[in-house]
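So this one's query.cif, mmCIF, C-alpha atoms, pLDDT in the B column; chains and numbers go by the auth columns:
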data_data
#
loop_
_atom_site.group_PDB
_atom_site.id
_atom_site.type_symbol
_atom_site.label_atom_id
_atom_site.label_comp_id
_atom_site.label_asym_id
_atom_site.label_seq_id
_atom_site.Cartn_x
_atom_site.Cartn_y
_atom_site.Cartn_z
_atom_site.B_iso_or_equiv
_atom_site.auth_seq_id
_atom_site.auth_asym_id
ATOM 1 C CA MET A 1 13.172 128.660 84.384 37.00 842 A
ATOM 2 C CA ASN A 2 14.528 127.365 81.103 38.00 843 A
ATOM 3 C CA VAL A 3 13.539 123.748 80.521 39.00 844 A
ATOM 4 C CA ASP A 4 13.288 123.144 76.796 44.00 845 A
ATOM 5 C CA ILE A 5 14.121 119.466 76.347 46.00 846 A
ATOM 6 C CA LEU A 6 11.135 117.218 76.972 55.00 847 A
ATOM 7 C CA ASP A 7 12.180 114.048 78.762 62.00 848 A
ATOM 8 C CA LEU A 8 9.257 111.643 78.762 61.00 849 A
ATOM 9 C CA HIS A 9 10.960 108.268 79.016 53.00 850 A
ATOM 10 C CA GLU A 10 8.543 107.064 81.678 61.00 851 A
ATOM 11 C CA ASP A 11 5.426 105.144 80.711 77.00 852 A
ATOM 12 C CA ILE A 12 2.437 107.474 80.925 84.00 853 A
ATOM 13 C CA PRO A 13 -1.013 105.902 80.538 84.00 854 A
ATOM 14 C CA GLY A 14 -2.549 106.874 77.212 86.00 855 A
ATOM 15 C CA VAL A 15 0.632 108.487 75.867 89.00 856 A
ATOM 16 C CA PHE A 16 2.066 106.608 72.919 87.00 857 A
ATOM 17 C CA LYS A 17 5.819 106.266 72.549 83.00 858 A
ATOM 18 C CA ALA A 18 7.452 108.767 70.220 75.00 859 A
ATOM 19 C CA ARG A 19 10.487 107.107 68.652 75.00 860 A
ATOM 20 C CA GLN A 20 11.313 108.960 65.446 81.00 861 A
ATOM 21 C CA SER A 21 12.602 112.520 65.668 84.00 862 A
ATOM 22 C CA ARG A 22 9.625 113.846 63.686 86.00 863 A
ATOM 23 C CA SER A 23 7.212 112.177 66.095 84.00 864 A
ATOM 24 C CA VAL A 24 9.104 113.531 69.113 87.00 865 A
ATOM 25 C CA LYS A 25 9.031 117.025 67.605 90.00 866 A
ATOM 26 C CA ALA A 26 5.268 116.831 67.062 91.00 867 A
ATOM 27 C CA ARG A 27 4.681 115.529 70.593 91.00 868 A
ATOM 28 C CA ASP A 28 6.833 118.271 72.088 91.00 869 A
ATOM 29 C CA GLY A 29 5.030 120.881 69.995 94.00 870 A
ATOM 30 C CA PHE A 30 1.688 119.800 71.405 95.00 871 A
ATOM 31 C CA ILE A 31 3.026 119.844 74.958 95.00 872 A
ATOM 32 C CA ASN A 32 4.578 123.284 74.618 94.00 873 A
ATOM 33 C CA ALA A 33 1.360 124.618 73.090 96.00 874 A
ATOM 34 C CA GLY A 34 -0.559 123.324 76.102 96.00 875 A
ATOM 35 C CA ILE A 35 1.882 124.818 78.592 96.00 876 A
ATOM 36 C CA GLU A 36 1.403 128.212 76.982 96.00 877 A
ATOM 37 C CA ALA A 37 -2.389 127.949 76.675 96.00 878 A
ATOM 38 C CA LEU A 38 -2.881 126.858 80.282 97.00 879 A
ATOM 39 C CA GLN A 39 -1.382 130.117 81.482 96.00 880 A
ATOM 40 C CA THR A 40 -4.739 131.770 80.821 94.00 881 A
ATOM 41 C CA ARG A 41 -7.277 128.947 80.489 94.00 882 A
ATOM 42 C CA ARG A 42 -8.425 125.693 82.025 95.00 883 A
ATOM 43 C CA LEU A 43 -7.822 122.351 80.335 95.00 884 A
ATOM 44 C CA ASP A 44 -11.521 121.891 79.576 95.00 885 A
ATOM 45 C CA ASP A 45 -11.449 125.089 77.526 95.00 886 A
ATOM 46 C CA LEU A 46 -8.587 123.952 75.292 94.00 887 A
ATOM 47 C CA LYS A 47 -9.581 122.619 71.876 95.00 888 A
ATOM 48 C CA ILE A 48 -7.470 119.941 70.252 96.00 889 A
ATOM 49 C CA ALA A 49 -7.857 121.685 66.893 96.00 890 A
ATOM 50 C CA GLU A 50 -6.403 124.848 68.424 95.00 891 A
ATOM 51 C CA LEU A 51 -3.471 122.952 69.941 96.00 892 A
ATOM 52 C CA ALA A 52 -2.830 121.386 66.557 95.00 893 A
ATOM 53 C CA THR A 53 -2.853 124.750 64.800 95.00 894 A
ATOM 54 C CA VAL A 54 -0.595 126.448 67.341 94.00 895 A
ATOM 55 C CA SER A 55 1.909 123.581 67.319 94.00 896 A
ATOM 56 C CA GLY A 56 1.892 123.268 63.519 94.00 897 A
ATOM 57 C CA ASN A 57 0.396 119.770 63.560 94.00 898 A
ATOM 58 C CA SER A 58 -2.871 118.105 62.650 94.00 899 A
ATOM 59 C CA VAL A 59 -5.683 116.791 64.842 96.00 900 A
ATOM 60 C CA GLY A 60 -4.876 113.306 63.561 95.00 901 A
ATOM 61 C CA SER A 61 -1.295 113.774 64.698 93.00 902 A
ATOM 62 C CA PHE A 62 -2.579 114.511 68.197 95.00 903 A
ATOM 63 C CA TYR A 63 -4.390 111.185 68.391 95.00 904 A
ATOM 64 C CA THR A 64 -1.373 109.216 67.192 92.00 905 A
ATOM 65 C CA ARG A 65 0.507 110.502 70.248 92.00 906 A
ATOM 66 C CA PHE A 66 -2.182 110.831 72.922 94.00 907 A
ATOM 67 C CA GLN A 67 -5.188 108.615 73.531 94.00 908 A
ATOM 68 C CA ASP A 68 -7.312 111.567 74.650 94.00 909 A
ATOM 69 C CA LYS A 69 -7.046 114.956 76.305 94.00 910 A
ATOM 70 C CA ASP A 70 -6.643 113.428 79.777 93.00 911 A
ATOM 71 C CA ALA A 71 -3.621 111.453 78.579 93.00 912 A
ATOM 72 C CA TYR A 72 -2.314 114.602 76.941 95.00 913 A
ATOM 73 C CA PHE A 73 -2.552 116.480 80.218 95.00 914 A
ATOM 74 C CA ARG A 74 -0.686 113.674 81.987 92.00 915 A
ATOM 75 C CA ALA A 75 2.161 114.208 79.530 93.00 916 A
ATOM 76 C CA VAL A 76 2.095 117.994 80.025 94.00 917 A
ATOM 77 C CA SER A 77 2.068 117.563 83.800 93.00 918 A
ATOM 78 C CA ALA A 78 4.900 115.008 83.675 91.00 919 A
ATOM 79 C CA HIS A 79 7.062 117.410 81.691 92.00 920 A
ATOM 80 C CA ALA A 80 6.345 120.212 84.165 94.00 921 A
ATOM 81 C CA SER A 81 7.109 117.951 87.105 92.00 922 A
ATOM 82 C CA GLN A 82 10.438 116.896 85.621 91.00 923 A
ATOM 83 C CA GLY A 83 11.406 120.473 84.839 91.00 924 A
ATOM 84 C CA ILE A 84 10.535 121.697 88.318 92.00 925 A
ATOM 85 C CA SER A 85 12.366 118.793 89.945 91.00 926 A
ATOM 86 C CA ARG A 86 15.507 119.631 87.964 90.00 927 A
ATOM 87 C CA GLU A 87 15.182 123.278 88.961 88.00 928 A
ATOM 88 C CA PHE A 88 15.067 122.391 92.657 89.00 929 A
ATOM 89 C CA GLU A 89 17.981 119.982 92.333 87.00 930 A
ATOM 90 C CA ALA A 90 20.103 122.592 90.560 87.00 931 A
ATOM 91 C CA ALA A 91 19.299 125.430 92.948 85.00 932 A
ATOM 92 C CA PHE A 92 19.228 123.589 96.255 84.00 933 A
ATOM 93 C CA THR A 93 21.881 121.296 97.566 91.00 934 A
ATOM 94 C CA ALA A 94 22.651 120.913 101.245 93.00 935 A
ATOM 95 C CA ALA A 95 26.098 122.409 100.613 94.00 936 A
ATOM 96 C CA LYS A 96 24.632 125.544 99.004 94.00 937 A
ATOM 97 C CA LEU A 97 22.211 126.019 101.880 95.00 938 A
ATOM 98 C CA ARG A 98 24.947 125.618 104.480 94.00 939 A
ATOM 99 C CA GLN A 99 26.951 128.262 102.630 95.00 940 A
ATOM 100 C CA LEU A 100 24.006 130.674 102.580 95.00 941 A
ATOM 101 C CA GLY A 101 23.160 130.237 106.258 94.00 942 A
ATOM 102 C CA GLY A 102 19.801 130.410 108.005 94.00 943 A
ATOM 103 C CA GLY A 103 18.185 133.694 106.989 95.00 944 A
ATOM 104 C CA ALA A 104 19.601 133.804 103.465 95.00 945 A
ATOM 105 C CA GLY A 105 18.760 130.131 102.969 96.00 946 A
ATOM 106 C CA LEU A 106 15.117 130.744 103.884 96.00 947 A
ATOM 107 C CA ASP A 107 15.014 133.791 101.605 96.00 948 A
ATOM 108 C CA ALA A 108 16.419 131.739 98.735 95.00 949 A
ATOM 109 C CA LEU A 109 13.816 129.035 99.300 95.00 950 A
ATOM 110 C CA VAL A 110 11.008 131.604 99.167 97.00 951 A
ATOM 111 C CA ASP A 111 12.447 133.111 95.975 96.00 952 A
ATOM 112 C CA LEU A 112 12.839 129.758 94.236 94.00 953 A
ATOM 113 C CA ILE A 113 9.338 128.515 95.036 95.00 954 A
ATOM 114 C CA GLY A 114 7.967 131.894 93.989 96.00 955 A
ATOM 115 C CA ALA A 115 9.884 131.748 90.704 95.00 956 A
ATOM 116 C CA ILE A 116 8.600 128.266 89.951 95.00 957 A
ATOM 117 C CA PHE A 117 4.984 129.222 90.604 96.00 958 A
ATOM 118 C CA ALA A 118 5.407 132.318 88.421 95.00 959 A
ATOM 119 C CA SER A 119 7.179 130.424 85.628 94.00 960 A
ATOM 120 C CA LYS A 120 5.880 129.117 82.318 94.00 961 A
ATOM 121 C CA PHE A 121 4.552 126.142 84.300 96.00 962 A
ATOM 122 C CA ARG A 122 2.183 128.296 86.377 96.00 963 A
ATOM 123 C CA GLY A 123 -0.876 127.274 84.372 97.00 964 A
ATOM 124 C CA VAL A 124 0.061 123.586 84.529 97.00 965 A
ATOM 125 C CA LEU A 125 0.544 123.851 88.289 96.00 966 A
ATOM 126 C CA ARG A 126 -2.845 125.542 88.669 96.00 967 A
ATOM 127 C CA GLU A 127 -4.651 122.931 86.583 96.00 968 A
ATOM 128 C CA THR A 128 -2.888 120.073 88.370 95.00 969 A
ATOM 129 C CA TYR A 129 -3.608 121.508 91.809 94.00 970 A
ATOM 130 C CA LEU A 130 -7.292 121.969 90.981 94.00 971 A
ATOM 131 C CA ARG A 131 -7.402 118.253 90.072 93.00 972 A
ATOM 132 C CA ILE A 132 -5.716 117.104 93.276 91.00 973 A
ATOM 133 C CA MET A 133 -8.797 115.134 94.356 89.00 974 A
ATOM 134 C CA ASP A 134 -8.958 113.180 91.090 88.00 975 A
ATOM 135 C CA GLU A 135 -8.514 109.428 91.346 85.00 976 A
ATOM 136 C CA ASP A 136 -5.066 109.449 89.719 85.00 977 A
ATOM 137 C CA ASP A 137 -3.873 112.378 91.931 88.00 978 A
ATOM 138 C CA PRO A 138 -1.935 114.372 89.312 90.00 979 A
ATOM 139 C CA TRP A 139 -0.279 116.389 92.084 92.00 980 A
ATOM 140 C CA ALA A 140 1.626 113.307 93.354 91.00 981 A
ATOM 141 C CA PRO A 141 4.863 113.953 91.366 90.00 982 A
ATOM 142 C CA PHE A 142 5.025 117.537 92.641 93.00 983 A
ATOM 143 C CA ARG A 143 4.468 116.279 96.183 93.00 984 A
ATOM 144 C CA THR A 144 7.402 113.896 95.766 92.00 985 A
ATOM 145 C CA THR A 145 9.641 116.771 94.641 92.00 986 A
ATOM 146 C CA ALA A 146 8.508 118.827 97.619 93.00 987 A
ATOM 147 C CA LYS A 147 9.350 116.030 100.058 94.00 988 A
ATOM 148 C CA GLN A 148 12.822 115.653 98.572 94.00 989 A
ATOM 149 C CA THR A 149 13.387 119.400 98.716 94.00 990 A
ATOM 150 C CA LEU A 150 12.345 119.480 102.368 95.00 991 A
ATOM 151 C CA LEU A 151 14.867 116.754 103.175 96.00 992 A
ATOM 152 C CA THR A 152 17.550 118.904 101.532 95.00 993 A
ATOM 153 C CA VAL A 153 16.426 121.913 103.584 96.00 994 A
ATOM 154 C CA HIS A 154 16.651 119.846 106.773 97.00 995 A
ATOM 155 C CA GLU A 155 20.143 118.700 105.882 96.00 996 A
ATOM 156 C CA GLY A 156 21.414 122.089 104.746 96.00 997 A
ATOM 157 C CA LEU A 157 19.873 124.306 107.422 97.00 998 A
ATOM 158 C CA GLY A 158 19.582 121.877 110.318 96.00 999 A
ATOM 159 C CA ASP A 159 22.486 123.526 112.153 95.00 1000 A
ATOM 160 C CA ALA A 160 21.733 127.106 111.102 96.00 1001 A
ATOM 161 C CA PHE A 161 19.508 127.963 114.058 96.00 1002 A
ATOM 162 C CA PRO A 162 21.514 127.081 117.192 93.00 1003 A
ATOM 163 C CA HIS A 163 18.982 128.807 119.480 92.00 1004 A
ATOM 164 C CA TYR A 164 16.721 125.811 118.817 95.00 1005 A
ATOM 165 C CA GLY A 165 17.549 122.178 119.364 92.00 1006 A
ATOM 166 C CA PRO A 166 17.934 119.858 116.344 94.00 1007 A
ATOM 167 C CA ASP A 167 14.450 118.356 116.668 96.00 1008 A
ATOM 168 C CA GLU A 168 12.708 121.702 117.050 97.00 1009 A
ATOM 169 C CA THR A 169 14.698 123.149 114.159 97.00 1010 A
ATOM 170 C CA LYS A 170 13.531 120.308 111.920 97.00 1011 A
ATOM 171 C CA VAL A 171 9.901 120.832 112.903 98.00 1012 A
ATOM 172 C CA ARG A 172 10.152 124.588 112.391 98.00 1013 A
ATOM 173 C CA LEU A 173 11.807 124.211 108.994 98.00 1014 A
ATOM 174 C CA SER A 174 9.020 121.831 107.976 98.00 1015 A
ATOM 175 C CA PHE A 175 6.457 124.439 108.959 98.00 1016 A
ATOM 176 C CA CYS A 176 8.362 127.116 107.034 97.00 1017 A
ATOM 177 C CA PHE A 177 8.233 124.976 103.901 97.00 1018 A
ATOM 178 C CA GLN A 178 4.544 124.223 104.399 97.00 1019 A
ATOM 179 C CA LEU A 179 3.798 127.899 104.909 97.00 1020 A
ATOM 180 C CA ILE A 180 5.633 128.971 101.743 97.00 1021 A
ATOM 181 C CA VAL A 181 3.960 126.370 99.555 96.00 1022 A
ATOM 182 C CA GLY A 182 0.526 126.860 101.112 96.00 1023 A
ATOM 183 C CA VAL A 183 0.518 130.622 100.701 96.00 1024 A
ATOM 184 C CA ILE A 184 1.811 130.488 97.125 96.00 1025 A
ATOM 185 C CA GLN A 185 -0.597 127.697 96.170 95.00 1026 A
ATOM 186 C CA ASN A 186 -3.423 129.892 97.427 95.00 1027 A
ATOM 187 C CA ASP A 187 -2.131 132.736 95.283 95.00 1028 A
ATOM 188 C CA LEU A 188 -2.202 130.311 92.357 93.00 1029 A
ATOM 189 C CA ILE A 189 -5.963 129.846 92.478 92.00 1030 A
ATOM 190 C CA ASN A 190 -7.201 132.978 94.265 90.00 1031 A
ATOM 191 C CA LYS A 191 -6.454 136.431 92.882 83.00 1032 A
ATOM 192 C CA ASN A 192 -8.305 138.339 95.601 85.00 1033 A
ATOM 193 C CA HIS A 193 -5.399 139.058 97.932 87.00 1034 A
ATOM 194 C CA VAL A 194 -3.605 142.159 99.171 89.00 1035 A
ATOM 195 C CA PHE A 195 -0.227 140.422 98.900 92.00 1036 A
ATOM 196 C CA THR A 196 0.380 138.672 95.586 93.00 1037 A
ATOM 197 C CA LEU A 197 3.045 136.807 93.700 93.00 1038 A
ATOM 198 C CA GLU A 198 2.433 139.024 90.697 91.00 1039 A
ATOM 199 C CA ASP A 199 3.850 142.123 92.393 92.00 1040 A
ATOM 200 C CA GLY A 200 6.241 140.204 94.650 92.00 1041 A
ATOM 201 C CA SER A 201 4.694 141.482 97.875 94.00 1042 A
ATOM 202 C CA VAL A 202 3.775 137.993 99.050 96.00 1043 A
ATOM 203 C CA LEU A 203 7.440 136.969 98.848 97.00 1044 A
ATOM 204 C CA THR A 204 8.493 139.917 101.002 95.00 1045 A
ATOM 205 C CA GLY A 205 5.817 139.053 103.535 96.00 1046 A
ATOM 206 C CA LEU A 206 6.852 135.414 103.634 97.00 1047 A
ATOM 207 C CA LYS A 207 10.511 136.276 104.171 96.00 1048 A
ATOM 208 C CA GLU A 208 9.689 138.592 107.053 95.00 1049 A
ATOM 209 C CA THR A 209 7.368 136.021 108.606 96.00 1050 A
ATOM 210 C CA LEU A 210 9.831 133.141 108.311 97.00 1051 A
ATOM 211 C CA ARG A 211 12.753 135.143 109.668 96.00 1052 A
ATOM 212 C CA ALA A 212 10.691 136.187 112.682 96.00 1053 A
ATOM 213 C CA TYR A 213 9.470 132.628 113.244 97.00 1054 A
ATOM 214 C CA MET A 214 13.002 131.238 113.040 96.00 1055 A
ATOM 215 C CA GLY A 215 14.450 133.994 115.209 94.00 1056 A
ATOM 216 C CA VAL A 216 16.852 135.550 112.708 88.00 1057 A
ATOM 217 C CA PRO A 217 17.310 139.273 111.929 78.00 1058 A
ATOM 218 C CA LEU A 218 15.426 140.903 109.100 73.00 1059 A
ATOM 219 C CA THR A 219 17.265 142.405 106.177 67.00 1060 A
ATOM 220 C CA PRO A 220 16.242 145.923 105.043 56.00 1061 A
ATOM 221 C CA GLN A 221 14.418 144.583 101.978 56.00 1062 A
ATOM 222 C CA ASP A 222 12.382 142.224 104.140 49.00 1063 A
ATOM 223 C CA THR A 223 10.582 145.036 105.920 51.00 1064 A
ATOM 224 C CA LEU A 224 7.088 145.628 104.570 49.00 1065 A
#
Representation of the structure as structure tokens:
Amino acid sequence: MNVDILDLHEDIPGVFKARQSRSVKARDGFINAGIEALQTRRLDDLKIAELATVSGNSVGSFYTRFQDKDAYFRAVSAHASQGISREFEAAFTAAKLRQLGGGAGLDALVDLIGAIFASKFRGVLRETYLRIMDEDDPWAPFRTTAKQTLLTVHEGLGDAFPHYGPDETKVRLSFCFQLIVGVIQNDLINKNHVFTLEDGSVLTGLKETLRAYMGVPLTPQDTL
């Protein structure tokens, strides 16, 4: 994924508007520093002084852009959500899925979700998912993207499995999507698995499972 331009036009509680180019640059520097740091650590372990040093700013500059670290994380999460949403929209249209067909369309969906969860946003996704029970539900924007993506999958692959009726196909595609996301979310927070995203084996296993469930032939690379 290559999402470099931070687009934070929405109002985010505790995030102060950055209007001048220098202020935008400082804000973006803090956000990018957090995205990188969260790859290996939790938010609670990040020090504002460290974020300031890494981004080439001051601690005072942090507080002129973010009310506190919770507001800062809302900005980081919003940027990740926007980037991921754009990635889905670019990679998945109903027309592209119809062109790929059933098996290849499912494979592409597995690959895209895997790529997103292995991307530079992996740490942000992990931190956000671990806070899913918080009052403000930071996972909500990602859930909205997932729902929109599933609608696109229904539209693009709804006729790709003629051995099932339209209603059953829709239900089965919904389960496929839930299975992909559930398995990869588990990989996000639990490293103790035989099949992992790190070595790609979980993607191969998912493709084989989904093809069998949807009644389409396996490709040679899908065989474990």
*Name every residue that the PyMOL selection byres ((chain A and resi 936) around 10) selects in this structure, writing the answer as a list of chain:residue names with chains first and numbers rising.*
A:Phe933, A:Thr934, A:Ala935, A:Lys937, A:Leu938, A:Arg939, A:Gln940, A:Leu941, A:Thr993, A:Glu996, A:Gly997, A:Leu998
*Surrounding residues of range 893-897 of chain A excluding itself and chain neighbours under 5 positions, 6 Å, all atoms listed in the file, as an MDAnalysis selection string*: chainID A and resid 870:871 874
*Neighbours of range 1036-1051 of chain A within 7 Å (all atoms listed in the file; same-chain residues fewer than 2 positions away dropped), as a list in words?*
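Contacts, with the query itself left out: Asp948, Val951, Asp952, Gly955, Cys1017, Ile1021, Asp1028, His1034, Ala1053, Tyr1054, Met1055, Leu1059, Asp1063, Thr1064 and Leu1065 of chain A.
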*Could you list the residues chosen by the PyMOL selection byres ((chain A and resi 1011) around 12) in this structure as a PyMOL selection string?*
chain A and resi 991-1003+1005-1010+1012-1018+1055
*Which of these residues is nearest to Gly943 in chain A, using all atoms listed in the file: A:Val1057, A:Ala921, A:Ala859, A:Val900?*
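Checking each of A:Val1057, A:Ala921, A:Ala859, A:Val900 against Gly943 in chain A, counting all atoms listed in the file, the winner is A:Val1057.
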Given 8 Å of margin on each side, can you work out the centre and size in Å (one decimal) of an axis-aligned box holding every listed atom of range 960-971 of chain A, as JSON?
{"center_x": -0.1, "center_y": 125.2, "center_z": 87.1, "size_x": 30.5, "size_y": 26.4, "size_z": 25.5}
Using the chain letters and numbers from this file, what does the PyMOL selection byres ((chain A and resi 963) around 10) select? Give the answer as a JSON list (two decimals) with C-alpha atoms, keeping the file's coordinate frame.
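Okay, expr-v3.json is ready:
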[["chain", "number", "residue", "atom", "x", "y", "z"],
["A", 876, "ILE", "CA", 1.88, 124.82, 78.59],
["A", 877, "GLU", "CA", 1.40, 128.21, 76.98],
["A", 879, "LEU", "CA", -2.88, 126.86, 80.28],
["A", 880, "GLN", "CA", -1.38, 130.12, 81.48],
["A", 881, "THR", "CA", -4.74, 131.77, 80.82],
["A", 921, "ALA", "CA", 6.34, 120.21, 84.16],
["A", 956, "ALA", "CA", 9.88, 131.75, 90.70],
["A", 957, "ILE", "CA", 8.60, 128.27, 89.95],
["A", 958, "PHE", "CA", 4.98, 129.22, 90.60],
["A", 959, "ALA", "CA", 5.41, 132.32, 88.42],
["A", 960, "SER", "CA", 7.18, 130.42, 85.63],
["A", 961, "LYS", "CA", 5.88, 129.12, 82.32],
["A", 962, "PHE", "CA", 4.55, 126.14, 84.30],
["A", 964, "GLY", "CA", -0.88, 127.27, 84.37],
["A", 965, "VAL", "CA", 0.06, 123.59, 84.53],
["A", 966, "LEU", "CA", 0.54, 123.85, 88.29],
["A", 967, "ARG", "CA", -2.84, 125.54, 88.67],
["A", 968, "GLU", "CA", -4.65, 122.93, 86.58],
["A", 969, "THR", "CA", -2.89, 120.07, 88.37],
["A", 1029, "LEU", "CA", -2.20, 130.31, 92.36]]
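Excluding range 974-981 of chain A itself and same-chain residues fewer than 3 positions from it, the residues having an atom within 10 Å of it are A:Phe914, A:Arg915, A:Ser918, A:Ala919, A:Ser922, A:Leu966, A:Glu968, A:Thr969, A:Tyr970, A:Leu971, A:Arg984, A:Thr985, A:Thr986, A:Ala987, counting only C-alpha atoms.
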Dump range 862-886 of chain A with N, CA and C atoms to a file, as a CSV table (one decimal), in the first residue's frame.
chain,number,residue,atom,x,y,z
A,862,SER,N,0.7,25.2,5.9
A,862,SER,CA,1.5,24.1,5.3
A,862,SER,C,2.5,23.6,6.4
A,863,ARG,N,3.1,24.5,7.1
A,863,ARG,CA,4.0,24.0,8.2
A,863,ARG,C,3.4,23.2,9.2
A,864,SER,N,2.1,23.7,9.6
A,864,SER,CA,1.4,22.9,10.6
A,864,SER,C,0.9,21.6,10.1
A,865,VAL,N,0.5,21.5,8.9
A,865,VAL,CA,0.1,20.3,8.3
A,865,VAL,C,1.3,19.3,8.2
A,866,LYS,N,2.5,19.8,7.8
A,866,LYS,CA,3.7,19.0,7.8
A,866,LYS,C,4.0,18.4,9.1
A,867,ALA,N,3.9,19.2,10.2
A,867,ALA,CA,4.2,18.8,11.5
A,867,ALA,C,3.2,17.7,12.0
A,868,ARG,N,1.9,17.9,11.7
A,868,ARG,CA,0.9,17.0,12.1
A,868,ARG,C,1.1,15.6,11.4
A,869,ASP,N,1.4,15.7,10.1
A,869,ASP,CA,1.6,14.5,9.3
A,869,ASP,C,2.9,13.8,9.8
A,870,GLY,N,3.9,14.5,10.2
A,870,GLY,CA,5.1,13.9,10.7
A,870,GLY,C,4.8,13.1,12.0
A,871,PHE,N,4.0,13.7,12.9
A,871,PHE,CA,3.6,12.9,14.1
A,871,PHE,C,2.9,11.7,13.7
A,872,ILE,N,1.9,11.8,12.8
A,872,ILE,CA,1.1,10.6,12.5
A,872,ILE,C,1.9,9.5,11.8
A,873,ASN,N,2.8,9.9,10.9
A,873,ASN,CA,3.7,8.9,10.3
A,873,ASN,C,4.6,8.2,11.3
A,874,ALA,N,5.1,9.0,12.3
A,874,ALA,CA,5.9,8.5,13.3
A,874,ALA,C,5.2,7.4,14.1
A,875,GLY,N,3.9,7.7,14.4
A,875,GLY,CA,3.1,6.8,15.2
A,875,GLY,C,2.8,5.5,14.4
A,876,ILE,N,2.5,5.7,13.1
A,876,ILE,CA,2.2,4.5,12.3
A,876,ILE,C,3.4,3.5,12.3
A,877,GLU,N,4.6,4.1,12.2
A,877,GLU,CA,5.8,3.3,12.2
A,877,GLU,C,6.0,2.6,13.6
A,878,ALA,N,5.9,3.4,14.6
A,878,ALA,CA,6.2,2.9,16.0
A,878,ALA,C,5.2,1.8,16.4
A,879,LEU,N,3.9,1.9,16.0
A,879,LEU,CA,2.9,1.0,16.4
A,879,LEU,C,3.1,-0.4,15.7
A,880,GLN,N,4.0,-0.5,14.8
A,880,GLN,CA,4.3,-1.8,14.2
A,880,GLN,C,4.9,-2.7,15.2
A,881,THR,N,5.6,-2.2,16.2
A,881,THR,CA,6.2,-3.1,17.2
A,881,THR,C,5.8,-2.8,18.6
A,882,ARG,N,5.0,-1.8,18.9
A,882,ARG,CA,4.7,-1.5,20.2
A,882,ARG,C,3.2,-1.1,20.4
A,883,ARG,N,2.7,-1.1,21.6
A,883,ARG,CA,1.4,-0.6,21.9
A,883,ARG,C,1.4,0.9,22.1
A,884,LEU,N,0.2,1.5,21.9
A,884,LEU,CA,0.1,3.0,22.1
A,884,LEU,C,0.6,3.4,23.5
A,885,ASP,N,0.2,2.7,24.5
A,885,ASP,CA,0.6,3.1,25.9
A,885,ASP,C,2.1,3.2,26.1
A,886,ASP,N,2.8,2.4,25.2
A,886,ASP,CA,4.3,2.4,25.3
A,886,ASP,C,5.0,3.6,24.6
